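A.B. asks: Structure supplied as data_16.txt; contents: compact mmCIF, C-alpha atoms.
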```
# COMPACT_ATOMS: atom_id res chain seq x y z
CA MET A 1 14.96 -19.96 3.13
CA THR A 2 13.28 -19.87 -0.28
CA ASP A 3 11.28 -22.81 -1.57
CA ASP A 4 13.21 -24.36 -4.44
CA VAL A 5 11.82 -23.97 -7.96
CA ASP A 6 12.99 -26.55 -10.48
CA PRO A 7 13.42 -24.72 -13.80
CA ASP A 8 13.62 -28.05 -15.63
CA ALA A 9 10.38 -29.43 -14.22
CA ALA A 10 7.64 -29.95 -16.80
CA PRO A 11 5.00 -27.19 -16.45
CA ALA A 12 1.38 -28.17 -16.04
CA GLU A 13 -0.74 -28.56 -19.15
CA GLY A 14 -2.07 -25.19 -20.27
CA ASP A 15 0.80 -23.30 -18.64
CA PRO A 16 1.99 -20.50 -20.96
CA VAL A 17 5.60 -21.48 -20.23
CA ALA A 18 4.94 -24.96 -21.59
CA GLU A 19 3.28 -23.53 -24.69
CA SER A 20 6.03 -21.00 -25.41
CA PRO A 21 8.13 -21.78 -28.51
CA GLU A 22 11.80 -22.65 -28.07
CA PRO A 23 14.18 -20.19 -29.76
CA GLU A 24 16.27 -21.77 -32.51
CA THR A 25 19.63 -20.13 -31.74
CA ALA A 26 19.04 -18.02 -28.61
CA GLY A 27 18.65 -19.34 -25.09
CA ALA A 28 15.48 -19.47 -23.01
CA LEU A 29 14.83 -18.39 -19.43
CA THR A 30 11.96 -19.56 -17.28
CA PRO A 31 10.27 -16.92 -15.11
CA ALA A 32 11.93 -18.49 -12.05
CA GLU A 33 15.35 -18.18 -13.65
CA LEU A 34 14.71 -14.53 -14.54
CA GLN A 35 13.68 -13.84 -10.96
CA THR A 36 16.94 -15.42 -9.78
CA TRP A 37 18.86 -13.06 -12.09
CA LEU A 38 16.99 -10.12 -10.56
CA ASP A 39 17.52 -11.32 -6.99
CA GLU A 40 21.23 -11.82 -7.60
CA GLY A 41 21.61 -8.41 -9.22
CA ARG A 42 22.94 -9.87 -12.44
CA ALA A 43 23.71 -7.34 -15.16
CA PHE A 44 21.47 -7.75 -18.22
CA THR A 45 19.08 -5.75 -20.38
CA LEU A 46 15.40 -6.59 -20.35
CA LEU A 47 14.23 -6.03 -23.93
CA ASP A 48 10.49 -5.45 -23.97
CA THR A 49 9.05 -5.92 -27.47
CA ARG A 50 5.43 -5.06 -26.68
CA ASN A 51 3.55 -1.92 -27.68
CA ARG A 52 4.03 1.25 -25.63
CA ASP A 53 0.54 1.15 -24.07
CA GLU A 54 1.12 -2.44 -22.91
CA ILE A 55 4.48 -1.51 -21.39
CA ASP A 56 3.08 1.57 -19.65
CA GLU A 57 0.28 -0.50 -18.16
CA TRP A 58 2.42 -3.36 -16.87
CA HIS A 59 6.09 -4.29 -17.12
CA ILE A 60 8.87 -6.17 -15.35
CA ASP A 61 10.82 -4.01 -12.94
CA ALA A 62 14.41 -4.57 -14.11
CA PRO A 63 17.32 -2.20 -13.39
CA ARG A 64 18.22 -1.97 -17.09
CA ARG A 65 15.41 -1.91 -19.67
CA LEU A 66 15.14 -1.28 -23.37
CA ASP A 67 11.74 -0.93 -25.04
CA VAL A 68 11.72 -1.70 -28.78
CA PRO A 69 8.48 -2.81 -30.51
CA TYR A 70 8.49 -6.19 -32.23
CA MET A 71 7.63 -4.66 -35.62
CA LYS A 72 10.93 -2.77 -35.65
CA PHE A 73 12.74 -6.09 -35.44
CA VAL A 74 10.58 -7.45 -38.27
CA SER A 75 11.78 -4.55 -40.43
CA ALA A 76 15.37 -5.03 -39.25
CA ARG A 77 15.24 -8.66 -40.39
CA VAL A 78 14.96 -7.32 -43.93
CA THR A 79 17.28 -4.32 -43.68
CA GLY A 80 19.89 -5.91 -41.43
CA GLY A 81 19.67 -3.10 -38.88
CA VAL A 82 19.38 -5.16 -35.69
CA ASP A 83 22.49 -3.54 -34.19
CA ASP A 84 20.89 -0.09 -34.45
CA LEU A 85 17.93 -1.21 -32.30
CA VAL A 86 19.99 -2.27 -29.29
CA THR A 87 22.73 0.35 -29.16
CA ASP A 88 21.28 1.70 -25.90
CA GLY A 89 21.45 -1.71 -24.19
CA GLU A 90 24.16 -4.05 -23.00
CA GLY A 91 24.05 -7.82 -23.23
CA PRO A 92 22.98 -10.28 -22.29
CA PHE A 93 19.51 -9.42 -23.54
CA VAL A 94 16.27 -11.03 -22.27
CA ALA A 95 13.45 -10.51 -24.79
CA VAL A 96 9.87 -10.25 -23.52
CA CYS A 97 6.45 -10.22 -25.21
CA PRO A 98 2.92 -11.17 -24.09
CA ARG A 99 3.28 -14.97 -24.50
CA GLY A 100 6.89 -15.65 -25.51
CA GLU A 101 6.23 -16.00 -29.24
CA ALA A 102 7.34 -12.72 -30.84
CA SER A 103 10.15 -12.37 -28.31
CA ALA A 104 11.51 -15.80 -29.32
CA GLU A 105 11.97 -14.45 -32.86
CA VAL A 106 13.64 -11.31 -31.50
CA ALA A 107 16.00 -13.33 -29.31
CA ASP A 108 16.98 -15.42 -32.33
CA LEU A 109 17.65 -12.30 -34.41
CA LEU A 110 19.94 -10.99 -31.68
CA ALA A 111 21.70 -14.32 -31.29
CA ASP A 112 22.24 -14.56 -35.05
CA ALA A 113 23.77 -11.07 -34.92
CA GLY A 114 26.28 -12.24 -32.34
CA TYR A 115 24.61 -11.12 -29.09
CA GLU A 116 24.02 -13.22 -25.99
CA ALA A 117 20.24 -13.36 -25.99
CA TYR A 118 17.44 -15.20 -24.22
CA ASN A 119 13.67 -15.43 -24.53
CA LEU A 120 11.44 -15.23 -21.47
CA ALA A 121 9.42 -18.45 -21.80
CA GLY A 122 5.71 -17.78 -21.62
CA GLY A 123 6.22 -14.03 -21.82
CA MET A 124 4.27 -11.81 -19.43
CA HIS A 125 1.59 -14.50 -19.01
CA GLY A 126 4.26 -16.93 -17.84
CA TRP A 127 5.72 -14.24 -15.57
CA ALA A 128 2.28 -13.87 -13.97
CA ARG A 129 2.38 -17.58 -13.02
CA LEU A 130 5.55 -17.23 -10.93
CA TYR A 131 4.90 -17.55 -7.20
CA GLU A 132 7.72 -17.89 -4.68
CA ALA A 133 7.75 -18.61 -0.96
CA THR A 134 10.37 -17.56 1.57
CA GLU A 135 10.40 -18.43 5.25
CA LEU A 136 10.74 -15.57 7.71
CA PRO A 137 13.72 -15.85 10.10
CA ALA A 138 12.97 -17.67 13.34
CA ASP A 139 13.66 -14.52 15.40
CA ALA A 140 10.85 -12.72 13.54
CA THR A 141 8.13 -15.05 14.85
CA PRO A 142 7.07 -16.50 18.21
CA ALA A 143 8.73 -19.74 19.30
CA GLY A 144 7.28 -22.74 17.51
CA VAL A 145 5.67 -20.64 14.77
CA THR A 146 6.77 -20.73 11.13
CA VAL A 147 5.68 -18.01 8.70
CA LEU A 148 6.13 -18.15 4.92
CA GLN A 149 5.80 -15.06 2.76
CA TYR A 150 4.51 -15.72 -0.76
CA ARG A 151 5.61 -13.28 -3.44
CA ARG A 152 4.11 -12.81 -6.91
CA PRO A 153 6.66 -10.64 -8.74
CA SER A 154 4.36 -9.85 -11.66
CA SER A 155 1.88 -7.94 -9.51
CA GLY A 156 3.65 -7.41 -6.19
CA CYS A 157 1.02 -9.42 -4.29
CA LEU A 158 2.14 -10.93 -0.96
CA ALA A 159 0.44 -13.65 1.09
CA TYR A 160 1.36 -15.53 4.25
CA LEU A 161 1.22 -19.07 5.62
CA VAL A 162 1.33 -19.28 9.42
CA VAL A 163 2.16 -22.73 10.81
CA SER A 164 1.93 -23.67 14.48
CA GLY A 165 2.08 -27.31 15.51
CA GLU A 166 -0.16 -29.36 13.24
CA GLU A 167 -2.28 -26.43 12.06
CA ALA A 168 -1.80 -23.67 9.50
CA VAL A 169 -3.60 -20.52 8.38
CA VAL A 170 -3.13 -18.72 5.06
CA VAL A 171 -3.63 -14.94 4.93
CA ASP A 172 -4.61 -13.16 1.69
CA PRO A 173 -4.38 -16.21 -0.61
CA LEU A 174 -4.66 -15.82 -4.38
CA ARG A 175 -7.14 -17.92 -6.31
CA ALA A 176 -4.59 -18.58 -9.07
CA PHE A 177 -2.43 -20.46 -6.56
CA ALA A 178 -5.11 -21.95 -4.31
CA GLU A 179 -3.62 -25.45 -4.42
CA ARG A 180 -0.21 -24.25 -3.27
CA TYR A 181 -1.02 -23.37 0.34
CA ALA A 182 -2.32 -26.74 1.53
CA ALA A 183 0.61 -28.49 -0.13
CA ASP A 184 3.11 -26.24 1.64
CA ALA A 185 1.32 -26.70 4.96
CA ASN A 186 1.34 -30.47 4.53
CA GLU A 187 5.08 -30.42 3.82
CA ARG A 188 5.46 -28.88 7.25
CA GLY A 189 3.24 -31.47 8.94
CA ALA A 190 0.20 -29.20 9.23
CA ASP A 191 -3.34 -28.98 7.90
CA LEU A 192 -4.98 -25.74 6.84
CA VAL A 193 -7.65 -24.73 9.36
CA ALA A 194 -8.44 -21.24 8.02
CA ALA A 195 -8.07 -19.10 4.91
CA VAL A 196 -8.19 -15.40 5.84
CA ASP A 197 -8.57 -12.19 3.86
CA THR A 198 -7.53 -8.93 5.50
CA HIS A 199 -10.11 -7.07 3.40
CA VAL A 200 -12.13 -7.24 0.19
CA HIS A 201 -9.38 -7.10 -2.42
CA ALA A 202 -9.60 -4.92 -5.52
CA ASP A 203 -6.47 -6.00 -7.38
CA HIS A 204 -6.66 -9.81 -7.42
CA VAL A 205 -9.24 -12.56 -7.15
CA SER A 206 -9.20 -13.98 -3.63
CA GLY A 207 -8.45 -17.63 -3.06
CA VAL A 208 -10.22 -17.84 0.30
CA ARG A 209 -13.28 -19.72 -0.96
CA GLU A 210 -11.30 -22.07 -3.21
CA VAL A 211 -8.89 -22.96 -0.40
CA ALA A 212 -11.78 -23.53 2.00
CA ASP A 213 -13.70 -25.68 -0.48
CA ALA A 214 -10.64 -27.82 -1.22
CA THR A 215 -9.46 -28.32 2.36
CA GLY A 216 -12.42 -27.84 4.67
CA ALA A 217 -10.68 -24.84 6.25
CA GLU A 218 -12.77 -21.96 7.55
CA ALA A 219 -13.15 -19.03 5.16
CA VAL A 220 -12.55 -15.92 7.27
CA LEU A 221 -13.35 -12.30 6.34
CA PRO A 222 -13.59 -9.05 8.29
CA ALA A 223 -17.06 -8.50 9.74
CA GLY A 224 -17.28 -5.23 7.83
CA ALA A 225 -17.40 -7.12 4.53
CA VAL A 226 -21.11 -7.65 5.20
CA ASP A 227 -21.70 -3.91 4.97
CA ARG A 228 -19.96 -3.92 1.60
CA GLY A 229 -22.41 -6.47 0.21
CA LEU A 230 -20.87 -9.86 1.00
CA ALA A 231 -23.05 -12.45 -0.76
CA TRP A 232 -21.59 -15.73 0.52
CA ASP A 233 -21.25 -17.36 3.93
CA ALA A 234 -17.97 -16.73 5.72
CA THR A 235 -16.72 -16.74 9.29
CA LEU A 236 -16.61 -13.09 10.30
CA VAL A 237 -13.92 -11.58 12.52
CA ALA A 238 -13.93 -8.15 14.13
CA ALA A 239 -11.08 -6.08 15.56
CA GLY A 240 -10.04 -7.42 18.95
CA GLU A 241 -10.95 -11.00 18.06
CA THR A 242 -8.52 -13.76 17.15
CA VAL A 243 -8.02 -16.59 14.67
CA ALA A 244 -6.56 -19.66 16.37
CA VAL A 245 -3.82 -21.72 14.75
CA GLY A 246 -2.15 -24.50 16.74
CA ASP A 247 -0.67 -23.10 19.94
CA THR A 248 -0.85 -19.48 18.82
CA GLU A 249 -3.36 -17.03 17.43
CA LEU A 250 -3.66 -14.16 14.99
CA ALA A 251 -5.00 -11.06 16.74
CA ALA A 252 -7.15 -8.82 14.54
CA VAL A 253 -6.25 -5.10 14.61
CA ALA A 254 -8.55 -2.47 13.09
CA ALA A 255 -6.80 -0.85 10.11
CA PRO A 256 -9.43 1.07 8.09
CA GLY A 257 -8.60 3.67 5.47
CA HIS A 258 -7.84 1.67 2.35
CA THR A 259 -11.25 0.07 2.96
CA THR A 260 -13.69 0.36 5.83
CA GLU A 261 -13.37 -3.28 6.91
CA MET A 262 -9.57 -3.64 6.72
CA LEU A 263 -7.95 -5.72 9.46
CA ALA A 264 -4.28 -6.22 10.18
CA TYR A 265 -3.19 -9.36 12.05
CA ARG A 266 -0.60 -9.47 14.82
CA ILE A 267 1.41 -12.58 15.72
CA GLY A 268 3.80 -11.66 18.52
CA ASP A 269 5.97 -8.84 17.17
CA LEU A 270 4.97 -9.58 13.57
CA LEU A 271 2.24 -7.44 12.00
CA LEU A 272 0.56 -8.54 8.77
CA THR A 273 -0.64 -5.12 7.60
CA GLY A 274 -2.62 -6.15 4.52
CA ASP A 275 -3.16 -3.06 2.35
CA SER A 276 -2.67 -0.38 4.98
CA LEU A 277 1.08 0.14 5.34
CA PHE A 278 3.73 -0.97 2.85
CA THR A 279 7.51 -0.79 3.00
CA HIS A 280 7.59 1.97 0.37
CA SER A 281 4.36 3.89 0.86
CA VAL A 282 0.87 3.77 2.33
CA ALA A 283 -2.43 2.51 0.98
CA ARG A 284 -4.59 4.44 -1.44
CA PRO A 285 -8.04 5.40 -0.09
CA ASP A 286 -10.15 5.46 -3.26
CA LEU A 287 -10.94 1.86 -4.22
CA GLU A 288 -14.04 1.60 -2.05
CA ALA A 289 -14.97 5.21 -1.55
CA GLY A 290 -16.81 7.39 -4.01
CA SER A 291 -15.21 10.65 -5.02
CA ASP A 292 -17.09 12.49 -2.28
CA ARG A 293 -15.66 10.22 0.45
CA VAL A 294 -12.01 9.80 -0.50
CA GLU A 295 -10.78 12.60 1.76
CA ALA A 296 -12.58 11.02 4.72
CA PHE A 297 -11.02 7.63 3.92
CA ALA A 298 -7.57 9.21 3.72
CA ALA A 299 -8.10 10.88 7.10
CA THR A 300 -9.13 7.51 8.57
CA LEU A 301 -6.00 5.93 7.12
CA HIS A 302 -3.90 8.60 8.82
CA GLU A 303 -5.57 7.70 12.11
CA THR A 304 -4.80 4.02 11.54
CA LEU A 305 -1.13 4.64 10.83
CA THR A 306 -0.45 7.23 13.53
CA GLU A 307 -2.80 6.16 16.33
CA ARG A 308 -3.77 2.50 15.96
CA PHE A 309 -0.31 1.47 14.75
CA GLY A 310 1.20 4.27 16.82
CA ALA A 311 0.74 2.16 19.94
CA LEU A 312 3.04 -0.55 18.53
CA ASP A 313 6.76 -0.74 19.30
CA ASP A 314 9.41 0.30 16.80
CA ASP A 315 10.65 -3.32 16.75
CA THR A 316 7.33 -4.53 15.28
CA LEU A 317 8.08 -6.25 11.98
CA VAL A 318 5.75 -5.05 9.22
CA ALA A 319 4.85 -7.69 6.63
CA PRO A 320 2.66 -5.97 4.01
CA GLY A 321 0.18 -7.23 1.44
CA HIS A 322 2.02 -5.73 -1.56
CA TYR A 323 5.33 -4.38 -2.77
CA ALA A 324 6.14 -2.20 -5.76
CA HIS A 325 9.83 -2.53 -6.60
CA GLU A 326 12.53 -5.21 -6.57
CA ASP A 327 14.71 -3.05 -4.33
CA GLU A 328 12.20 -3.68 -1.52
CA VAL A 329 13.12 -7.39 -1.59
CA THR A 330 15.97 -8.52 0.68
CA ASP A 331 16.90 -12.19 0.85
CA GLY A 332 13.60 -13.01 -0.85
CA LEU A 333 11.51 -11.10 1.71
CA VAL A 334 9.57 -7.84 1.82
CA THR A 335 9.52 -6.69 5.46
CA ALA A 336 10.58 -3.67 7.51
CA ARG A 337 10.72 -2.65 11.15
CA LEU A 338 8.00 -0.18 12.08
CA GLY A 339 10.58 2.16 13.59
CA ASP A 340 12.50 2.28 10.31
CA LEU A 341 9.32 3.08 8.40
CA ARG A 342 8.55 5.88 10.85
CA GLU A 343 11.93 7.38 9.98
CA ASP A 344 11.95 6.64 6.25
CA LEU A 345 8.35 7.38 5.17
CA ASP A 346 7.64 11.08 5.41
CA LEU A 347 3.91 10.42 5.29
CA LEU A 348 4.03 8.82 8.73
CA GLY A 349 5.31 12.03 10.30
CA VAL A 350 3.00 14.69 8.86
CA ASP A 351 -0.25 16.10 10.23
CA ARG A 352 -3.60 14.82 8.99
CA GLY A 353 -4.27 17.63 6.53
CA THR A 354 -0.87 17.33 4.89
CA PHE A 355 -1.23 13.55 4.79
CA VAL A 356 -4.59 13.74 3.01
CA GLU A 357 -3.35 16.32 0.52
CA ARG A 358 -0.21 14.37 -0.39
CA VAL A 359 -1.91 10.98 -0.65
CA LEU A 360 -4.64 12.27 -2.94
CA ALA A 361 -2.09 14.04 -5.14
CA GLY A 362 0.05 10.99 -5.79
CA MET A 363 -2.22 8.08 -6.65
CA PRO A 364 -1.57 6.00 -9.79
CA PRO A 365 -4.38 4.63 -11.99
CA ARG A 366 -6.71 2.22 -10.24
CA PRO A 367 -5.97 -1.51 -10.60
CA ALA A 368 -7.29 -3.00 -13.83
CA ASN A 369 -10.87 -4.30 -13.58
CA HIS A 370 -11.03 -3.37 -9.90
CA GLU A 371 -14.82 -3.02 -9.78
CA THR A 372 -15.34 -6.47 -11.32
CA ILE A 373 -12.72 -8.04 -9.03
CA ILE A 374 -14.41 -6.56 -5.96
CA ALA A 375 -17.77 -7.92 -7.13
CA VAL A 376 -16.26 -11.40 -7.65
CA ASN A 377 -14.63 -11.36 -4.22
CA LEU A 378 -17.93 -10.34 -2.62
CA GLY A 379 -19.69 -13.17 -4.42
CA ARG A 380 -21.92 -10.82 -6.40
CA GLU A 381 -20.40 -11.90 -9.72
CA THR A 382 -18.68 -15.09 -10.85
CA ALA A 383 -15.60 -15.75 -12.95
CA ASP A 384 -14.15 -19.04 -14.13
CA GLU A 385 -10.47 -19.79 -13.59
CA ASP A 386 -9.23 -18.38 -16.91
CA THR A 387 -11.36 -15.24 -16.62
CA ALA A 388 -10.22 -14.65 -13.05
CA PHE A 389 -6.58 -14.93 -14.12
CA GLU A 390 -7.06 -12.46 -16.98
CA LEU A 391 -8.91 -10.00 -14.72
CA GLU A 392 -5.95 -9.52 -12.42
CA LEU A 393 -3.11 -9.29 -14.93
CA GLY A 394 -1.10 -6.13 -14.41
CA PRO A 395 0.23 -4.15 -11.45
CA ASN A 396 -1.75 -4.03 -8.21
CA ASN A 397 -1.56 -0.21 -7.82
CA CYS A 398 -2.96 -0.44 -4.28
CA ALA A 399 -0.44 2.03 -2.85
CA ALA A 400 -0.41 5.80 -2.91
CA THR A 401 2.78 7.00 -4.57
CA ALA A 402 3.11 10.36 -2.88
CA ASP A 403 5.95 9.13 -0.68
```
Would you mind writing the file out in structure tokens?
C.D. replies:
Amino acid sequence: MTDDVDPDAAPAEGDPVAESPEPETAGALTPAELQTWLDEGRAFTLLDTRNRDEIDEWHIDAPRRLDVPYMKFVSARVTGGVDDLVTDGEGPFVAVCPRGEASAEVADLLADAGYEAYNLAGGMHGWARLYEATELPADATPAGVTVLQYRRPSSGCLAYLVVSGEEAVVVDPLRAFAERYAADANERGADLVAAVDTHVHADHVSGVREVADATGAEAVLPAGAVDRGLAWDATLVAAGETVAVGDTELAAVAAPGHTTEMLAYRIGDLLLTGDSLFTHSVARPDLEAGSDRVEAFAATLHETLTERFGALDDDTLVAPGHYAHEDEVTDGLVTARLGDLREDLDLLGVDRGTFVERVLAGMPPRPANHETIIAVNLGRETADEDTAFELELGPNNCAATAD
């Protein structure tokens, strides 16, 4: 089931949704309501009014999109040519801008011209605040264990809450939502005992330390993070060791390739793969390695996927650390059976040389500010809450796109 989001609830002070202007004649959609439209497959046109470079860098993955800069609508207000700007789209229209201000004007122009139009409240900054949780089916987890998958549609980041008895562990938490995990654990009668990162993230600011500081939970990182320059005290876990939670445990599985220290975590037949294997592709190998080491990292990733994961049954349920497209989401979840991925992802069936060649040929731009984010997560630099949020805006880009 999906945790309910009340679209009428008053947003917290400082939330871009709360600060977004109300359209005068058009409607308004909260980010949660827009996500519901996407999940339900509702027909609409997402009208992005930002500049081309902003759209190319980061946009909402909607089946039907129309990109028209705001300034064209400003001109159309004078000339009366609004109809000409939306001939390639079909209503209803949902207008989007950085913070919901310019798009509110555009939505009103469309509504005044007779179109069904809505403004995305808070714009892309409000979209980045959306965070949804869906519970995995009971048959996907060991008896007595509940697992929630958290999904951040704006960046494709996924995290997990594992609850067993009166204890809970969160895996790959985001700093922007650090307060969420303990609250969800408490709702299920459990206290957080550990906050775990599968690796040193390059696309978002980790919430491990903030969760630990707020709850007293252990902050857990892979032992290999020390070799990468970890500058704060954490509980270190190596492959073959476990993290206990209630009556069960998370078993650490070596999964290097994306980074040297990457660990996956196995809970029965469920495998939290972090940034090693996704449901649409495999990890990119160049966010830790220098240009002279990327091929070696890619070869190590091939070994992880074909040998380390090769020992796992086809029925193993893969729960990744990221997703890229809305069509990977089914019933609010991003998961896939390992056997299906072995059939569907060509990269899992090729030899090492071909794998390396194809992965290196298909990588997108690196995540925005990745070097600074890595330094913050290692504790070598600091960032306040607002700075941390701004650092990670945009797509995660942690996957290779060759497949």
A.B. asks: For Arg180 (chain A), work out the shell of residues within 12 Å, counting all atoms listed in the file and skipping chain neighbours fewer than 4 positions away, then give it as a PyMOL selection string.
C.D. replies: chain A and resi 3+130-133+150+159-161+170+173-176+184-187+192+207+210-211+214-215
A.B. asks: Using only C-alpha atoms, what table do you get, as a tab-separated table, when you list each residue of region 180-212 of chain A with an atom no more than 8 Å from region 259-282 of chain A, its nearest pair of atoms, and their distance in Å rounded to one decimal, rows by chain then rising number?
C.D. replies:
```
residue	atom	partner	partner_atom	distance
A:Thr198	CA	A:Leu263	CA	5.1
A:His199	CA	A:Met262	CA	4.8
A:Val200	CA	A:Thr259	CA	7.9
```
A.B. asks: Considering all atoms listed in the file, state which residue in the set A:Glu57, A:Glu295, A:Asp213, A:Glu105 is at the smallest distance from Thr354 (chain A).
C.D. replies: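 Ranked by minimum distance to Thr354 (chain A), first place goes to A:Glu295.
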A.B. asks: Let me make sure I understand: among A:Gly156, A:Pro31, A:Gly41, A:Pro367, which one has the smallest atom-to-atom distance to Met124 (chain A) if we use all atoms listed in the file?
C.D. replies: A:Pro31
A.B. asks: Smallest atom-to-atom distance to Ala104 (chain A): which of A:Leu287, A:Leu38, A:Ala168, A:Ala117, using only C-alpha atoms?
C.D. replies: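 Smallest distance to Ala104 (chain A) is found for A:Ala117.
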A.B. asks: Show me, as a ChimeraX atom specification, the residues that have an atom within 9 Å of region 357-365 of chain A when counting all atoms listed in the file, minus same-chain residues fewer than 6 positions from it.
C.D. replies: /A:282-286,294-295,298,347,397-403
A.B. asks: Restrict the selected residues to C-alpha atoms and save them as a PDB file, in the coordinates of the input.
C.D. replies:
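Everything below was put into result_37.pdb:
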```pdb
ATOM      1  CA  VAL A 282       0.870   3.770   2.330  1.00  0.00           C
ATOM      2  CA  ALA A 283      -2.430   2.510   0.980  1.00  0.00           C
ATOM      3  CA  ARG A 284      -4.590   4.440  -1.440  1.00  0.00           C
ATOM      4  CA  PRO A 285      -8.040   5.400  -0.090  1.00  0.00           C
ATOM      5  CA  ASP A 286     -10.150   5.460  -3.260  1.00  0.00           C
ATOM      6  CA  VAL A 294     -12.010   9.800  -0.500  1.00  0.00           C
ATOM      7  CA  GLU A 295     -10.780  12.600   1.760  1.00  0.00           C
ATOM      8  CA  ALA A 298      -7.570   9.210   3.720  1.00  0.00           C
ATOM      9  CA  LEU A 347       3.910  10.420   5.290  1.00  0.00           C
ATOM     10  CA  ASN A 397      -1.560  -0.210  -7.820  1.00  0.00           C
ATOM     11  CA  CYS A 398      -2.960  -0.440  -4.280  1.00  0.00           C
ATOM     12  CA  ALA A 399      -0.440   2.030  -2.850  1.00  0.00           C
ATOM     13  CA  ALA A 400      -0.410   5.800  -2.910  1.00  0.00           C
ATOM     14  CA  THR A 401       2.780   7.000  -4.570  1.00  0.00           C
ATOM     15  CA  ALA A 402       3.110  10.360  -2.880  1.00  0.00           C
ATOM     16  CA  ASP A 403       5.950   9.130  -0.680  1.00  0.00           C
TER      17      ASP A 403
END
```
A.B. asks: May I have the residues within 6 Å of region 237-249 of chain A as an NGL selection string, using only C-alpha atoms and disregarding those fewer than 2 positions away in the same chain?
C.D. replies: :A and (164-165 or 167-168 or 222-223 or 251-254)
A.B. asks: Can you write out as a Markdown table which residues of region 187-262 of chain A fall within 8 Å of region 304-310 of chain A, alongside each residue's closest atom pair and its distance in Å to one decimal, counting all atoms listed in the file and ordering rows by chain and ascending residue number?
C.D. replies:
```
| residue | atom | partner | partner_atom | distance |
| --- | --- | --- | --- | --- |
| A:Ala254 | CA | A:Arg308 | CA | 7.5 |
| A:Ala255 | CA | A:Thr304 | CA | 5.5 |
| A:Pro256 | CA | A:Thr304 | CA | 6.5 |
| A:Gly257 | CA | A:Thr304 | CA | 7.2 |
```
A.B. asks: Which value, in Å to one decimal, gives the distance between CA of Pro142 (chain A) and CA of Asp331 (chain A)?
C.D. replies: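 Spanning CA of Pro142 (chain A) to CA of Asp331 (chain A) is a straight-line distance of 20.4 Å.
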A.B. asks: Got a sec: who's within 8 Å of Thr30 (chain A), counting all atoms listed in the file, leaving out chain neighbours fewer than 6 positions off, as a CSV table (one decimal) with C-alpha atoms, in the coordinates of the input?
C.D. replies:
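So the final result, stored in result35.csv, reads:
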```csv
chain,number,residue,atom,x,y,z
A,7,PRO,CA,13.4,-24.7,-13.8
A,17,VAL,CA,5.6,-21.5,-20.2
A,120,LEU,CA,11.4,-15.2,-21.5
A,121,ALA,CA,9.4,-18.4,-21.8
A,122,GLY,CA,5.7,-17.8,-21.6
```
A.B. asks: For a quick check of understanding, using only C-alpha atoms, which of A:Asp139, A:Asp233, A:Glu218, A:Asp386 has the smallest distance to Val171 (chain A)?
C.D. replies: A:Glu218
A.B. asks: Work out how far apart CA of Pro69 (chain A) and CA of Asp327 (chain A) are and give it in Å to one decimal.
C.D. replies: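 So the two atoms, CA of Pro69 (chain A) and CA of Asp327 (chain A), lie 26.9 Å apart.
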